[in-house]
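Structure data follow from run.tsv (TSV, C-alpha atoms):
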```tsv
chain	number	residue	atom	x	y	z
A	28	MET	CA	-25.33	-41.74	5.98
A	29	ARG	CA	-24.09	-41.15	2.45
A	30	SER	CA	-25.17	-43.59	-0.23
A	31	GLY	CA	-23.62	-45.03	-3.38
A	32	ALA	CA	-19.98	-44.73	-4.39
A	33	ALA	CA	-19.53	-41.73	-2.07
A	34	ALA	CA	-20.53	-43.70	1.06
A	35	GLY	CA	-17.92	-43.13	3.74
A	36	HIS	CA	-16.39	-40.21	1.86
A	37	THR	CA	-16.07	-36.85	3.58
A	38	GLY	CA	-16.59	-33.69	1.56
A	39	TYR	CA	-16.88	-33.39	-2.20
A	40	PHE	CA	-16.98	-36.53	-4.38
A	41	HIS	CA	-16.24	-35.10	-7.84
A	42	GLU	CA	-16.46	-37.22	-11.00
A	43	ALA	CA	-16.23	-36.72	-14.74
A	44	ALA	CA	-18.77	-38.66	-16.81
A	45	VAL	CA	-17.29	-39.02	-20.31
A	46	TYR	CA	-19.78	-40.67	-22.69
A	47	ASP	CA	-19.65	-41.80	-26.32
A	48	SER	CA	-23.40	-41.84	-27.02
A	49	GLU	CA	-26.75	-40.83	-25.55
A	50	ARG	CA	-27.14	-44.45	-24.46
A	51	GLU	CA	-23.93	-44.22	-22.43
A	52	LEU	CA	-25.05	-40.90	-20.93
A	53	LEU	CA	-28.28	-42.54	-19.77
A	54	ASP	CA	-26.36	-45.57	-18.45
A	55	ILE	CA	-24.35	-43.22	-16.23
A	56	ALA	CA	-26.96	-40.63	-15.31
A	57	VAL	CA	-30.15	-42.62	-14.71
A	58	PRO	CA	-28.82	-44.96	-11.95
A	59	PHE	CA	-27.04	-42.02	-10.34
A	60	LEU	CA	-30.21	-39.92	-10.24
A	61	LEU	CA	-32.63	-42.68	-9.26
A	62	GLY	CA	-30.22	-43.83	-6.56
A	63	GLY	CA	-30.33	-40.34	-5.06
A	64	VAL	CA	-34.13	-40.25	-5.13
A	65	ALA	CA	-34.35	-43.72	-3.54
A	66	ALA	CA	-32.00	-42.60	-0.76
A	67	GLY	CA	-34.07	-39.46	-0.08
A	68	GLU	CA	-31.23	-37.19	-1.15
A	69	PRO	CA	-31.69	-33.86	-2.97
A	70	THR	CA	-31.02	-34.82	-6.59
A	71	LEU	CA	-30.48	-32.20	-9.30
A	72	VAL	CA	-29.86	-32.03	-13.06
A	73	ALA	CA	-28.20	-28.99	-14.68
A	74	PHE	CA	-28.34	-29.79	-18.41
A	75	GLY	CA	-29.33	-27.75	-21.40
A	76	GLY	CA	-32.58	-28.53	-23.21
A	77	PRO	CA	-31.91	-31.64	-25.37
A	78	HIS	CA	-30.19	-33.72	-22.71
A	79	ALA	CA	-32.54	-32.57	-19.96
A	80	ASP	CA	-35.42	-33.72	-22.17
A	81	LEU	CA	-33.63	-37.02	-22.82
A	82	LEU	CA	-33.42	-37.66	-19.07
A	83	ARG	CA	-37.02	-36.66	-18.46
A	84	ARG	CA	-38.19	-39.15	-21.08
A	85	ALA	CA	-36.01	-41.91	-19.66
A	86	ILE	CA	-36.93	-41.32	-16.00
A	87	GLY	CA	-40.48	-39.96	-16.15
A	88	GLY	CA	-41.97	-36.71	-14.97
A	89	ASN	CA	-42.77	-37.34	-11.28
A	90	SER	CA	-39.41	-38.58	-10.09
A	91	GLY	CA	-38.59	-35.97	-7.45
A	92	ILE	CA	-35.55	-34.82	-9.44
A	93	VAL	CA	-35.01	-31.05	-9.66
A	94	TYR	CA	-34.09	-29.75	-13.13
A	95	LEU	CA	-32.04	-26.54	-13.14
A	96	ALA	CA	-31.61	-24.37	-16.22
A	97	GLY	CA	-28.17	-25.49	-17.40
A	98	GLY	CA	-27.52	-22.39	-19.49
A	99	ASP	CA	-28.39	-20.09	-16.61
A	100	MET	CA	-26.30	-22.04	-14.10
A	101	TYR	CA	-23.20	-21.97	-16.29
A	102	ALA	CA	-23.28	-18.41	-17.61
A	103	ARG	CA	-20.02	-17.51	-15.80
A	104	PRO	CA	-17.78	-19.67	-13.58
A	105	ALA	CA	-17.74	-17.38	-10.52
A	106	ALA	CA	-21.52	-16.96	-10.69
A	107	ALA	CA	-21.97	-20.74	-10.96
A	108	ILE	CA	-19.86	-21.28	-7.84
A	109	ALA	CA	-21.79	-18.64	-5.89
A	110	GLU	CA	-25.18	-20.09	-6.91
A	111	TYR	CA	-24.21	-23.71	-6.23
A	112	ARG	CA	-22.82	-22.77	-2.83
A	113	ARG	CA	-26.12	-21.05	-2.03
A	114	ILE	CA	-28.08	-24.16	-3.07
A	115	LEU	CA	-25.79	-26.54	-1.19
A	116	THR	CA	-25.86	-24.42	1.96
A	117	GLN	CA	-29.66	-24.46	1.92
A	118	PHE	CA	-29.87	-28.24	1.52
A	119	VAL	CA	-27.38	-28.85	4.35
A	120	ALA	CA	-29.31	-26.45	6.61
A	121	GLU	CA	-32.41	-28.54	5.87
A	122	GLY	CA	-30.61	-31.69	7.03
A	123	ALA	CA	-29.28	-33.26	3.81
A	124	HIS	CA	-26.56	-35.87	4.39
A	125	GLN	CA	-25.71	-36.05	0.70
A	126	ILE	CA	-26.65	-34.03	-2.39
A	127	ARG	CA	-26.37	-35.37	-5.94
A	128	ILE	CA	-25.91	-33.16	-9.02
A	129	ILE	CA	-25.17	-34.01	-12.63
A	130	GLY	CA	-24.44	-31.12	-14.96
A	131	GLU	CA	-23.06	-30.37	-18.40
A	132	LEU	CA	-21.46	-27.26	-19.87
A	133	ASP	CA	-22.71	-25.94	-23.17
A	134	ALA	CA	-20.36	-26.70	-26.06
A	135	SER	CA	-19.66	-22.94	-26.35
A	136	ALA	CA	-17.56	-23.27	-23.18
A	137	PHE	CA	-15.00	-25.32	-25.15
A	138	GLY	CA	-13.97	-22.34	-27.29
A	139	ALA	CA	-12.45	-19.01	-26.30
A	140	THR	CA	-13.57	-19.24	-22.67
A	141	TRP	CA	-12.37	-22.75	-21.84
A	142	ASP	CA	-9.45	-21.41	-19.76
A	143	TRP	CA	-11.76	-20.00	-17.09
A	144	TRP	CA	-14.01	-23.10	-17.17
A	145	ALA	CA	-10.95	-25.30	-16.68
A	146	ARG	CA	-10.07	-23.16	-13.65
A	147	TYR	CA	-13.67	-23.61	-12.46
A	148	GLU	CA	-13.50	-27.41	-12.72
A	149	SER	CA	-10.31	-27.40	-10.67
A	150	ALA	CA	-11.37	-24.77	-8.11
A	151	ILE	CA	-14.65	-26.45	-7.18
A	152	ASN	CA	-12.69	-29.35	-5.68
A	153	HIS	CA	-11.89	-26.81	-2.97
A	154	ALA	CA	-14.98	-24.58	-3.18
A	155	TYR	CA	-17.47	-27.40	-2.54
A	156	ASP	CA	-15.40	-29.58	-0.23
A	157	GLU	CA	-17.23	-28.42	2.90
A	158	PHE	CA	-20.46	-29.97	1.54
A	159	PRO	CA	-21.56	-33.63	1.33
A	160	LEU	CA	-21.80	-33.34	-2.44
A	161	TRP	CA	-21.53	-36.06	-5.05
A	162	SER	CA	-21.50	-34.56	-8.53
A	163	MET	CA	-20.89	-35.75	-12.05
A	164	CYS	CA	-19.76	-33.42	-14.85
A	165	ALA	CA	-20.82	-34.88	-18.21
A	166	TYR	CA	-18.67	-34.49	-21.35
A	167	GLY	CA	-19.40	-36.01	-24.75
A	168	ALA	CA	-16.27	-37.71	-26.07
A	169	GLY	CA	-17.21	-36.92	-29.66
A	170	THR	CA	-18.07	-33.25	-29.11
A	171	THR	CA	-15.38	-32.24	-26.61
A	172	PRO	CA	-11.97	-31.24	-28.06
A	173	PRO	CA	-9.06	-33.51	-27.01
A	174	GLY	CA	-7.29	-30.70	-25.14
A	175	VAL	CA	-10.44	-29.98	-23.14
A	176	LEU	CA	-10.87	-33.67	-22.29
A	177	ALA	CA	-7.26	-33.75	-21.06
A	178	ASP	CA	-8.04	-30.84	-18.73
A	179	VAL	CA	-11.23	-32.61	-17.59
A	180	LEU	CA	-9.25	-35.64	-16.44
A	181	ARG	CA	-6.69	-33.41	-14.72
A	182	THR	CA	-9.40	-31.53	-12.77
A	183	HIS	CA	-11.66	-34.45	-11.75
A	184	PRO	CA	-10.34	-36.93	-9.18
A	185	ARG	CA	-12.55	-39.72	-10.57
A	186	THR	CA	-14.50	-40.82	-13.62
A	187	ALA	CA	-17.95	-42.43	-13.64
A	188	ASP	CA	-18.16	-45.20	-16.23
A	189	PRO	CA	-21.17	-46.43	-18.25
A	190	ASP	CA	-20.78	-49.91	-16.72
A	191	GLY	CA	-21.33	-48.48	-13.23
A	192	GLY	CA	-17.68	-48.30	-12.25
A	193	HIS	CA	-15.91	-45.38	-10.56
A	194	THR	CA	-12.25	-45.00	-11.53
A	195	LEU	CA	-9.54	-42.83	-10.02
A	196	SER	CA	-8.07	-40.45	-12.59
A	197	GLU	CA	-4.39	-41.16	-13.15
A	198	THR	CA	-3.78	-37.59	-14.35
A	199	TYR	CA	-5.67	-35.68	-11.64
A	200	VAL	CA	-3.84	-32.64	-10.22
A	201	ASP	CA	-4.90	-31.00	-6.97
A	202	PRO	CA	-6.28	-27.44	-7.31
A	203	MET	CA	-3.38	-25.66	-5.62
A	204	SER	CA	-0.96	-27.18	-8.13
A	205	TYR	CA	-3.21	-27.04	-11.20
A	206	LEU	CA	-4.24	-23.41	-10.70
A	207	GLY	CA	-0.67	-22.41	-9.96
A	208	GLU	CA	0.70	-23.80	-13.23
A	209	PRO	CA	2.02	-21.16	-15.64
A	210	ARG	CA	-0.21	-21.03	-18.69
A	211	PRO	CA	0.23	-19.21	-21.97
A	212	ALA	CA	-2.36	-16.61	-22.88
A	213	ALA	CA	-5.26	-18.00	-24.88
A	214	VAL	CA	-4.95	-17.20	-28.59
A	215	ASP	CA	-7.35	-14.42	-29.60
A	216	PRO	CA	-7.41	-13.41	-33.29
A	217	LEU	CA	-8.59	-9.91	-32.38
A	218	LEU	CA	-5.28	-9.31	-30.60
A	219	ARG	CA	-3.32	-9.99	-33.80
A	220	GLN	CA	-4.21	-6.50	-34.97
A	221	ALA	CA	-2.86	-3.30	-33.46
A	222	PRO	CA	-4.76	-2.09	-30.37
A	223	ALA	CA	-7.14	0.84	-30.77
A	224	TRP	CA	-5.05	2.63	-28.17
A	225	THR	CA	-2.38	2.10	-25.50
A	226	LEU	CA	-2.07	4.06	-22.25
A	227	VAL	CA	0.92	3.91	-19.91
A	228	ASP	CA	0.45	4.54	-16.19
A	229	PRO	CA	-3.06	5.97	-16.64
A	230	THR	CA	-5.57	6.70	-13.89
A	231	PRO	CA	-8.67	4.48	-13.75
A	232	ALA	CA	-10.75	7.51	-14.75
A	233	ALA	CA	-8.62	8.07	-17.86
A	234	VAL	CA	-9.08	4.45	-18.90
A	235	ARG	CA	-12.83	4.55	-18.36
A	236	GLN	CA	-13.07	7.69	-20.50
A	237	ALA	CA	-10.99	6.12	-23.28
A	238	VAL	CA	-13.18	3.03	-23.26
A	239	ARG	CA	-16.36	5.10	-23.43
A	240	THR	CA	-15.18	7.02	-26.48
A	241	THR	CA	-14.20	3.89	-28.45
A	242	ALA	CA	-16.81	1.27	-27.42
A	243	PRO	CA	-18.60	-0.19	-30.46
A	244	ALA	CA	-22.24	0.93	-30.64
A	245	ALA	CA	-23.29	-2.65	-31.42
A	246	LEU	CA	-22.33	-3.75	-27.92
A	247	SER	CA	-25.02	-1.60	-26.33
A	248	SER	CA	-27.68	-2.79	-28.77
A	249	ALA	CA	-26.61	-6.42	-28.19
A	250	GLY	CA	-27.43	-6.15	-24.49
A	251	ALA	CA	-23.86	-6.25	-23.21
A	252	ASP	CA	-23.46	-4.99	-19.67
A	253	LEU	CA	-21.18	-2.06	-20.45
A	254	GLY	CA	-21.77	-0.58	-17.00
A	255	GLY	CA	-20.47	-3.77	-15.43
A	256	PHE	CA	-17.56	-3.85	-17.83
A	257	MET	CA	-16.57	-0.32	-16.78
A	258	VAL	CA	-16.55	-1.42	-13.13
A	259	ALA	CA	-14.27	-4.32	-14.06
A	260	VAL	CA	-12.00	-1.95	-16.02
A	261	SER	CA	-11.65	0.30	-12.97
A	262	GLU	CA	-10.90	-2.64	-10.71
A	263	GLY	CA	-8.31	-4.06	-13.10
A	264	VAL	CA	-6.41	-0.79	-13.42
A	265	THR	CA	-6.66	-0.02	-9.70
A	266	ASN	CA	-5.32	-3.46	-8.76
A	267	ALA	CA	-2.36	-3.05	-11.12
A	268	ILE	CA	-1.51	0.37	-9.63
A	269	ARG	CA	-1.93	-0.66	-5.98
A	270	HIS	CA	-0.70	-4.23	-5.94
A	271	GLY	CA	1.46	-4.65	-9.05
A	272	ARG	CA	4.64	-2.90	-10.17
A	273	GLY	CA	4.90	-0.16	-12.74
A	274	PRO	CA	4.86	0.72	-15.44
A	275	VAL	CA	1.20	-0.22	-15.99
A	276	ARG	CA	0.22	-0.59	-19.63
A	277	VAL	CA	-3.44	-0.68	-20.71
A	278	ARG	CA	-4.46	-1.67	-24.26
A	279	LEU	CA	-7.85	-1.96	-25.93
A	280	TRP	CA	-8.80	-3.97	-29.00
A	281	ILE	CA	-12.21	-3.55	-30.60
A	282	SER	CA	-14.28	-5.15	-33.31
A	283	SER	CA	-17.82	-4.37	-34.36
A	284	HIS	CA	-19.24	-6.58	-31.61
A	285	ARG	CA	-16.74	-6.90	-28.76
A	286	MET	CA	-13.91	-5.29	-26.81
A	287	VAL	CA	-10.87	-6.80	-25.13
A	288	LEU	CA	-9.00	-4.68	-22.60
A	289	ALA	CA	-5.63	-5.88	-21.28
A	290	VAL	CA	-3.95	-4.46	-18.18
A	291	THR	CA	-0.28	-5.43	-17.77
A	292	ASP	CA	2.01	-4.62	-14.85
A	293	GLN	CA	5.46	-5.88	-13.91
A	294	GLY	CA	4.38	-7.77	-10.78
A	295	ALA	CA	3.69	-11.47	-10.25
A	296	GLY	CA	-0.10	-11.21	-10.05
A	297	PRO	CA	-2.34	-12.55	-7.26
A	298	LYS	CA	-0.91	-15.17	-4.90
A	299	ASP	CA	-4.31	-16.78	-4.27
A	300	PRO	CA	-4.82	-19.55	-6.87
A	301	PHE	CA	-8.60	-19.17	-6.50
A	302	ALA	CA	-8.52	-15.43	-7.20
A	303	GLY	CA	-11.55	-14.34	-9.17
A	304	LEU	CA	-13.52	-17.56	-8.73
A	305	LEU	CA	-14.12	-17.25	-4.98
A	306	PRO	CA	-14.70	-14.14	-2.85
A	307	ALA	CA	-11.28	-13.16	-1.59
A	308	PRO	CA	-10.23	-13.60	2.03
A	309	ASP	CA	-9.99	-10.29	3.86
A	310	ALA	CA	-6.20	-10.51	3.75
A	311	ASP	CA	-6.00	-10.85	-0.05
A	312	PRO	CA	-5.41	-7.38	-1.53
A	313	GLY	CA	-7.14	-6.84	-4.83
A	314	GLY	CA	-9.05	-10.12	-4.64
A	315	LEU	CA	-12.47	-8.51	-4.42
A	316	GLY	CA	-11.86	-6.63	-7.67
A	317	LEU	CA	-10.94	-9.85	-9.48
A	318	TRP	CA	-14.06	-11.56	-8.14
A	319	LEU	CA	-16.23	-8.67	-9.33
A	320	SER	CA	-14.59	-8.77	-12.75
A	321	HIS	CA	-15.39	-12.47	-13.08
A	322	GLN	CA	-19.02	-11.66	-12.30
A	323	LEU	CA	-19.31	-8.75	-14.72
A	324	CYS	CA	-17.33	-9.62	-17.86
A	325	ASP	CA	-18.06	-12.09	-20.65
A	326	HIS	CA	-14.59	-13.53	-20.19
A	327	VAL	CA	-11.62	-12.89	-17.91
A	328	GLY	CA	-8.18	-14.27	-18.74
A	329	MET	CA	-5.10	-14.02	-16.54
A	330	HIS	CA	-1.54	-14.99	-17.40
A	331	ARG	CA	2.09	-14.30	-16.55
A	332	ASP	CA	4.96	-14.10	-19.01
A	333	ALA	CA	8.23	-12.23	-19.48
A	334	SER	CA	6.35	-8.93	-19.79
A	335	GLY	CA	4.66	-9.32	-16.38
A	336	PHE	CA	1.14	-10.14	-15.25
A	337	THR	CA	-1.78	-9.45	-17.58
A	338	ILE	CA	-5.50	-9.55	-16.99
A	339	ARG	CA	-7.76	-9.53	-20.07
A	340	LEU	CA	-11.35	-8.34	-19.77
A	341	THR	CA	-13.86	-9.03	-22.55
A	342	ALA	CA	-17.23	-7.40	-23.25
A	343	GLY	CA	-19.25	-9.15	-25.94
A	344	ASP	CA	-19.20	-12.70	-27.29
A	345	PRO	CA	-15.62	-14.01	-26.86
A	346	ASP	CA	-16.08	-16.36	-29.85
A	347	ALA	CA	-17.45	-13.69	-32.18
A	348	ASP	CA	-14.23	-13.05	-34.16
A	349	ARG	CA	-13.01	-16.63	-34.37
```

Represent the structure from my file as structure tokens, please.
Amino acid sequence: MRSGAAAGHTGYFHEAAVYDSERELLDIAVPFLLGGVAAGEPTLVAFGGPHADLLRRAIGGNSGIVYLAGGDMYARPAAAIAEYRRILTQFVAEGAHQIRIIGELDASAFGATWDWWARYESAINHAYDEFPLWSMCAYGAGTTPPGVLADVLRTHPRTADPDGGHTLSETYVDPMSYLGEPRPAAVDPLLRQAPAWTLVDPTPAAVRQAVRTTAPAALSSAGADLGGFMVAVSEGVTNAIRHGRGPVRVRLWISSHRMVLAVTDQGAGPKDPFAGLLPAPDADPGGLGLWLSHQLCDHVGMHRDASGFTIRLTAGDPDADR
């Protein structure tokens, strides 16, 4: 039997916990976590250091709550989904009837990479719905930009309130509709300058070679996974050639500490709204490449406009030039 507000609910019970102070965060999180422990349910926290420490002090050290490394869990959206699905699958195999998780993104997610985290918050309504999961996603009202909070309420079916209430979100949009909405490309100041180069209808090998010859040396010394980025570059170009419509245009912008590569073709882009965030069904051409790219790059952006479908791949800190 499921306990708490999710009792009688089938599948994923997904809530946003928007708080105005640390006191409000504790008012939401502590009863939620202790209720899970009392019910014998796997109960997890995925916060960064300060708020994880706040909860430990409030609850005590021998509570039975599992603390995950928040920064590690939320390094990339697709990786977070894969790891949470692994954890959830294991708990269900061990007989769990409900799992409770409260997590919080680092504030860096609210900058240049918010578009893929917004897609994550929407997609997990589908990705976790096979599990008896009750989760809360915490957002500080004073530290979260208004546009991000608007997306939060559109991607969470419910909100958890400091007074113990659970309210349906009036602006919630189901994932199929939310992820299918046309969105403008995120503004990137690096792209206001001329690209380092432009190639039209190139082979993947030609693009890889061009990237190698222009990659900033600082990226290698900063620990960026340039090998992974090259795999993503190949997949992006190959998908455009095989599944898009020509001409295919590839552009690269560079600064001293990052690269952004854009691949544009004249097609409509992937039909699967979850493309990149979930491993593609066998019937989805090109989906595996998008999923790999989301695992290997520091940011992946996708958008459609009058010029066609564009995928942007970033190596290096996406906020570095802002």

Computed interatomic separation between CA of Asp47 (chain A) and CA of Gly98 (chain A) (Å):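 That distance, rounded to one decimal, is 22.0 Å.
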
Selected residue of minimal separation from Ser282 (chain A) among A:Asn266, A:Gln220, A:Asn152, A:Thr225, counting only C-alpha atoms: A:Gln220

Option closest in space to Arg339 (chain A), from A:Thr140, A:Thr198, A:His153, A:Tyr147 [counting only C-alpha atoms]: A:Thr140

Between CA of Leu115 (chain A) and CA of Gln322 (chain A) - distance in Å to one decimal: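 Straight-line distance from CA of Gln322 (chain A) to CA of Leu115 (chain A) works out to 19.8 Å.
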
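One distance worth recording is that between CA of Ile281 (chain A) and CA of Pro209 (chain A), which is 27.1 Å.
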
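Residues in contact with Leu180 (chain A) at 9 Å, where all atoms listed in the file are counted and same-chain residues fewer than 3 positions away are skipped, are listed as A:Ala43, A:Val175, A:Leu176, A:Ala177, A:His183, A:Pro184, A:Arg185, A:Thr186, A:Ser196, A:Glu197, A:Thr198, A:Tyr199, A:Val200.
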
Kindly export the residues of the current selection with C-alpha atoms, as a short mmCIF file (atom, residue, chain, number, x, y, z; two decimals), in the frame of the given file.
```cif
data_model
loop_
_atom_site.label_atom_id
_atom_site.label_comp_id
_atom_site.auth_asym_id
_atom_site.auth_seq_id
_atom_site.Cartn_x
_atom_site.Cartn_y
_atom_site.Cartn_z
CA ALA A 43 -16.23 -36.72 -14.74
CA VAL A 175 -10.44 -29.98 -23.14
CA LEU A 176 -10.87 -33.67 -22.29
CA ALA A 177 -7.26 -33.75 -21.06
CA HIS A 183 -11.66 -34.45 -11.75
CA PRO A 184 -10.34 -36.93 -9.18
CA ARG A 185 -12.55 -39.72 -10.57
CA THR A 186 -14.50 -40.82 -13.62
CA SER A 196 -8.07 -40.45 -12.59
CA GLU A 197 -4.39 -41.16 -13.15
CA THR A 198 -3.78 -37.59 -14.35
CA TYR A 199 -5.67 -35.68 -11.64
CA VAL A 200 -3.84 -32.64 -10.22
#
```

Shortest interatomic distance to Ala165 (chain A) - which of A:Ala32, A:Met203, A:Leu95, A:Leu53, counting all atoms listed in the file: A:Leu53

Within 8 Å of Asp133 (chain A) using all atoms listed in the file, minus same-chain residues under 5 positions, as a PyMOL selection string: chain A and resi 75+97-98+101

Using all atoms listed in the file: which of A:Pro216, A:Pro308, A:Gly255, A:Gly62 has the shortest distance to Asp346 (chain A):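 Counting all atoms listed in the file, the residue closest to Asp346 (chain A) is A:Pro216.
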